[in-house]
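Some notes on the structure that comes next.
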Amino acid sequence: MDVAIRAGLEGLFSGVAHLDLGQLFMLALGCLLLYLAIAREIEPLLLLPIGFGAILVNIPDAGLMAEGGVLRTFYNAGVASEIFPVLVFIGIGALTDFGPLLENPKILLLGAAGQFGIFLTLLLALLLGFTLQQAASIGVIGAMDGPTAIYVSSKFAPDLLGPISVAAYSYMSLVPIVQPPIMRLLTTKDERLIVMGGVKRTVSRRAKLVFPIMVVIVGSIIAPQGTPLLGMIMLGNLLRESGVVERLKQASENEIANIVTLLLGISIGATMQAEIFLRYQTLLILLLGFVAICLDTATGVLFGKLMCALSGGKINPLIGAAGISAFPMAARVVQTEGQRYSKKNHLLMHAMGANTGGQIGSVIAAGIMLSVLRGLGYG
Amino acid sequence: MTDVWSIGYALAVLGMGGTLVTLAFIAVLVVLLKRLFPYSPEDAR
């Protein structure tokens, strides 16, 4: 009987026996993510399930990420298969009003300039010794577009999915802190004082209906590897603009988006196992992610300055900072900065246009990156 | 052009240029789309 009791006790306390320092650190990190989500309300929809997933996966001997484990099943079904990030895009499309962008289509260019940091960060990552596929995945953090970052890294660098996702989502909340100093540094006071007129409503319903169909055809023909992302965001938008499938639109922006966000978050948290996450590379990824946001903001603002010069001073270059995909945070930052220098300056709708342009831009940039890499024999 | 740096530069140039040209093309198409389907007061309803 003694032997049986001893064996039983060993099984009972196996968790305690196998708990190591790395797992303890990750449990603390999981709790920190929960704190940021709950107490600070930083991206709570994702950081809460990510933090909880990180706690679950670092419980010794629980085997949640072992073959057949609950979290492994979620991960294989939704992340490894790339289904979850793609489904999130239907919800994003259903929630996005491209109206301000269609009113002033040239600000779509700011959505392109806001992605340049992706490619500059890619070069920096190569310089630091990452492989091409890893560097491409790290660069996409700069798009400030979580689902796209997850999609690209699950394709090219699944071993870096945890740190890349955490960086992409947690840095999104830093946009109001990171962007303003860069915006001030790169613009003159006169430029910041440029008052842009109100956005007039000049887009017909038919144009709004044709827009998502047109974008998906053109964008997908140019960059076929980005079709899953572009296709789903535009499908969601067509559900919104068609006005005939209210139930599908509601489901896309509520039920589907909520369920997928929960499962996606917990699956990402599940990739944060101590032995995978606690590496020198994680620190570099967090650093490069930060650099990527700064570069994207800078290239957006600099392109805004170019457009300001070409338009004879009619475009406030601050709206260039909204060319990144962090929607609607970046647009709000631009509005706040504009108001700081002139209470008459209402840049919100212009910035919203650039911001939705950034959403399209990040997906197109990722699609082009995937297609070029495929052409080069990668992926 | 097989070393990783050449590929990295190619990716950066094609990525930035491709994104800019694609979005510029879409912007032109939007302008044409607005001309093809002009705004009318009925759209306000």
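Residues are referred to by chain and number: the chain letter is A, B, ... according to the order shown in the structure tokens, the number counts from 1 in that chain, and ligands are numbered separately from 1 in the order shown.
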Who sits within 12 Å of Ala125 in chain A, only C-alpha atoms, same chain under 2 positions skipped, as a ChimeraX atom specification:
/A:117-123,127-141,281,284-289,291-292 /B:4-5,8
Residues of the last selection are to be written out with C-alpha atoms, as a PDB file, in the first residue's frame.
```pdb
ATOM      1  CA  GLY A 117       8.362  50.538 -42.294  1.00  0.00           C
ATOM      2  CA  ILE A 118       7.437  46.858 -42.749  1.00  0.00           C
ATOM      3  CA  PHE A 119      10.064  46.475 -45.441  1.00  0.00           C
ATOM      4  CA  LEU A 120      12.691  48.634 -43.710  1.00  0.00           C
ATOM      5  CA  THR A 121      12.256  46.559 -40.540  1.00  0.00           C
ATOM      6  CA  LEU A 122      12.618  43.415 -42.621  1.00  0.00           C
ATOM      7  CA  LEU A 123      16.088  44.612 -43.636  1.00  0.00           C
ATOM      8  CA  LEU A 127      20.916  42.485 -40.293  1.00  0.00           C
ATOM      9  CA  LEU A 128      20.301  41.024 -36.827  1.00  0.00           C
ATOM     10  CA  GLY A 129      20.579  37.500 -38.172  1.00  0.00           C
ATOM     11  CA  PHE A 130      16.979  36.399 -38.643  1.00  0.00           C
ATOM     12  CA  THR A 131      16.155  34.246 -41.655  1.00  0.00           C
ATOM     13  CA  LEU A 132      14.292  35.832 -44.564  1.00  0.00           C
ATOM     14  CA  GLN A 133      10.986  34.205 -43.575  1.00  0.00           C
ATOM     15  CA  GLN A 134      11.392  35.279 -39.948  1.00  0.00           C
ATOM     16  CA  ALA A 135      12.398  38.811 -41.005  1.00  0.00           C
ATOM     17  CA  ALA A 136       9.306  39.100 -43.222  1.00  0.00           C
ATOM     18  CA  SER A 137       7.073  37.995 -40.339  1.00  0.00           C
ATOM     19  CA  ILE A 138       8.712  40.435 -37.905  1.00  0.00           C
ATOM     20  CA  GLY A 139       8.408  43.324 -40.382  1.00  0.00           C
ATOM     21  CA  VAL A 140       4.630  42.849 -40.563  1.00  0.00           C
ATOM     22  CA  ILE A 141       4.349  43.848 -36.870  1.00  0.00           C
ATOM     23  CA  GLN A 281      15.139  36.334 -30.164  1.00  0.00           C
ATOM     24  CA  LEU A 284      14.917  41.369 -30.498  1.00  0.00           C
ATOM     25  CA  ILE A 285      11.411  40.863 -31.919  1.00  0.00           C
ATOM     26  CA  LEU A 286       9.896  43.208 -29.325  1.00  0.00           C
ATOM     27  CA  LEU A 287      12.570  45.791 -30.156  1.00  0.00           C
ATOM     28  CA  LEU A 288      12.135  45.424 -33.922  1.00  0.00           C
ATOM     29  CA  GLY A 289       8.356  45.655 -33.551  1.00  0.00           C
ATOM     30  CA  VAL A 291      11.173  50.206 -34.513  1.00  0.00           C
ATOM     31  CA  ALA A 292       8.665  49.091 -37.169  1.00  0.00           C
TER      32      ALA A 292
ATOM     33  CA  VAL B   4      19.731  36.593 -48.581  1.00  0.00           C
ATOM     34  CA  TRP B   5      20.636  40.307 -48.768  1.00  0.00           C
ATOM     35  CA  GLY B   8      15.903  41.146 -48.883  1.00  0.00           C
TER      36      GLY B   8
END
```
Write out as a tab-separated table (two decimals) with C-alpha atoms, in the first residue's frame each polymer residue whose atoms come within 7 Å of range 365-368 of chain A, counting only C-alpha atoms; drop sequence neighbours fewer than 5 positions from it.
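Contents of selection19.tsv, as written:
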```
chain	number	residue	atom	x	y	z
A	115	GLN	CA	3.53	50.30	-44.70
A	223	ALA	CA	-0.78	39.86	-55.30
A	224	PRO	CA	-2.58	36.49	-55.43
A	225	GLN	CA	-1.03	35.26	-52.17
A	226	GLY	CA	-2.88	38.00	-50.29
B	15	GLY	CA	7.19	45.54	-51.56
B	18	GLY	CA	4.31	47.39	-55.41
B	19	THR	CA	2.18	48.57	-52.49
```
Residues of chain B within 8 Å of chain A, counting only C-alpha atoms, as a PyMOL selection string
chain B and resi 4-5+7-9+11-12+14-16+18-20+22-24+26-28+30-31+33-34+37-40+43
Could you tell me, as a PyMOL selection string, which residues of chain B DSSP assigns to alpha helix (DSSP H) when given the backbone?
chain B and resi 4-36
File dump, residues just selected, C-alpha atoms, as a PDB file, in the first residue's frame:
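This went into result.pdb:
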```pdb
ATOM      1  CA  VAL B   4      19.731  36.593 -48.581  1.00  0.00           C
ATOM      2  CA  TRP B   5      20.636  40.307 -48.768  1.00  0.00           C
ATOM      3  CA  SER B   6      19.861  40.528 -52.485  1.00  0.00           C
ATOM      4  CA  ILE B   7      16.546  38.829 -51.839  1.00  0.00           C
ATOM      5  CA  GLY B   8      15.903  41.146 -48.883  1.00  0.00           C
ATOM      6  CA  TYR B   9      16.575  44.270 -50.969  1.00  0.00           C
ATOM      7  CA  ALA B  10      14.444  42.916 -53.822  1.00  0.00           C
ATOM      8  CA  LEU B  11      11.631  42.239 -51.366  1.00  0.00           C
ATOM      9  CA  ALA B  12      11.913  45.728 -49.859  1.00  0.00           C
ATOM     10  CA  VAL B  13      11.968  47.519 -53.227  1.00  0.00           C
ATOM     11  CA  LEU B  14       9.202  45.412 -54.778  1.00  0.00           C
ATOM     12  CA  GLY B  15       7.192  45.541 -51.565  1.00  0.00           C
ATOM     13  CA  MET B  16       7.261  49.314 -51.144  1.00  0.00           C
ATOM     14  CA  GLY B  17       6.974  50.045 -54.855  1.00  0.00           C
ATOM     15  CA  GLY B  18       4.315  47.393 -55.405  1.00  0.00           C
ATOM     16  CA  THR B  19       2.177  48.569 -52.485  1.00  0.00           C
ATOM     17  CA  LEU B  20       2.392  52.200 -53.609  1.00  0.00           C
ATOM     18  CA  VAL B  21       1.625  51.444 -57.267  1.00  0.00           C
ATOM     19  CA  THR B  22      -1.235  49.082 -56.396  1.00  0.00           C
ATOM     20  CA  LEU B  23      -2.895  51.590 -54.077  1.00  0.00           C
ATOM     21  CA  ALA B  24      -2.318  54.411 -56.586  1.00  0.00           C
ATOM     22  CA  PHE B  25      -4.025  52.269 -59.233  1.00  0.00           C
ATOM     23  CA  ILE B  26      -6.943  51.562 -56.899  1.00  0.00           C
ATOM     24  CA  ALA B  27      -7.193  55.309 -56.135  1.00  0.00           C
ATOM     25  CA  VAL B  28      -7.465  56.056 -59.873  1.00  0.00           C
ATOM     26  CA  LEU B  29     -10.122  53.357 -60.215  1.00  0.00           C
ATOM     27  CA  VAL B  30     -12.063  54.915 -57.314  1.00  0.00           C
ATOM     28  CA  VAL B  31     -12.035  58.281 -59.109  1.00  0.00           C
ATOM     29  CA  LEU B  32     -13.398  56.561 -62.236  1.00  0.00           C
ATOM     30  CA  LEU B  33     -15.931  54.665 -60.133  1.00  0.00           C
ATOM     31  CA  LYS B  34     -17.235  57.918 -58.666  1.00  0.00           C
ATOM     32  CA  ARG B  35     -17.614  59.343 -62.176  1.00  0.00           C
ATOM     33  CA  LEU B  36     -19.391  56.212 -63.378  1.00  0.00           C
TER      34      LEU B  36
END
```
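Put simply, CA of Asn258 in chain A is 23.7 Å away from CA of Ile324 in chain A.
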May I ask for the distance between CA of Gly312 in chain A and CA of Phe327 in chain A, given in Å to one decimal place?
28.2 Å
Counting only C-alpha atoms, what is within 10 Å of range 72-75 of chain A, bar same-chain residues fewer than 3 positions away, as a ChimeraX atom specification?
/A:57,63-69,78-82,84,263-264,266-271
Output C-alpha atoms for every residue in the selection just made, as a PDB file, in the first residue's frame.
```pdb
ATOM      1  CA  VAL A  57       0.275  26.374 -21.351  1.00  0.00           C
ATOM      2  CA  GLY A  63      -0.137  18.823 -21.613  1.00  0.00           C
ATOM      3  CA  LEU A  64      -2.478  21.340 -23.171  1.00  0.00           C
ATOM      4  CA  MET A  65      -0.147  21.832 -26.135  1.00  0.00           C
ATOM      5  CA  ALA A  66       0.804  18.162 -26.393  1.00  0.00           C
ATOM      6  CA  GLU A  67      -0.598  16.277 -29.380  1.00  0.00           C
ATOM      7  CA  GLY A  68      -4.331  15.884 -28.726  1.00  0.00           C
ATOM      8  CA  GLY A  69      -4.339  18.570 -26.005  1.00  0.00           C
ATOM      9  CA  GLY A  78      -7.409  27.758 -36.444  1.00  0.00           C
ATOM     10  CA  VAL A  79      -3.885  29.154 -36.462  1.00  0.00           C
ATOM     11  CA  ALA A  80      -1.813  26.517 -38.258  1.00  0.00           C
ATOM     12  CA  SER A  81      -4.602  26.287 -40.829  1.00  0.00           C
ATOM     13  CA  GLU A  82      -4.669  30.160 -41.015  1.00  0.00           C
ATOM     14  CA  PHE A  84      -8.769  32.312 -37.490  1.00  0.00           C
ATOM     15  CA  LEU A 263     -10.089  31.147 -29.807  1.00  0.00           C
ATOM     16  CA  LEU A 264      -7.369  33.093 -31.631  1.00  0.00           C
ATOM     17  CA  ILE A 266      -6.074  31.606 -26.400  1.00  0.00           C
ATOM     18  CA  SER A 267      -4.273  29.811 -29.262  1.00  0.00           C
ATOM     19  CA  ILE A 268      -1.652  32.585 -29.431  1.00  0.00           C
ATOM     20  CA  GLY A 269      -1.226  32.414 -25.652  1.00  0.00           C
ATOM     21  CA  ALA A 270      -0.668  28.686 -26.097  1.00  0.00           C
ATOM     22  CA  THR A 271       2.413  29.394 -28.209  1.00  0.00           C
TER      23      THR A 271
END
```
Please measure the separation of CA of Val333 in chain A and CA of Thr299 in chain A, giving the value in Å to one decimal.
16.3 Å
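Excluding Ser165 in chain A itself and same-chain residues fewer than 6 positions from it, the residues having an atom within 9 Å of it are Ile141, Gly146, Pro147, Ala149, Ile150, Ser153 and Ile268 of chain A, counting only C-alpha atoms.
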If you keep C-alpha atoms, can you produce a file of those selected residues as a tab-separated table (two decimals), in the first residue's frame?
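Final output, part-v4.tsv:
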```tsv
chain	number	residue	atom	x	y	z
A	141	ILE	CA	4.35	43.85	-36.87
A	146	GLY	CA	-2.69	41.81	-35.72
A	147	PRO	CA	-4.49	39.30	-37.95
A	149	ALA	CA	0.93	39.58	-38.59
A	150	ILE	CA	-0.50	36.27	-37.34
A	153	SER	CA	4.03	34.43	-39.22
A	268	ILE	CA	-1.65	32.58	-29.43
```
Excluding range 249-256 of chain A and residues on its chain fewer than 6 positions from it, collect all residues at most 10 Å away from it, counting only C-alpha atoms, and give them as a VMD selection string.
chain A and resid 84 87 to 96 235 to 243
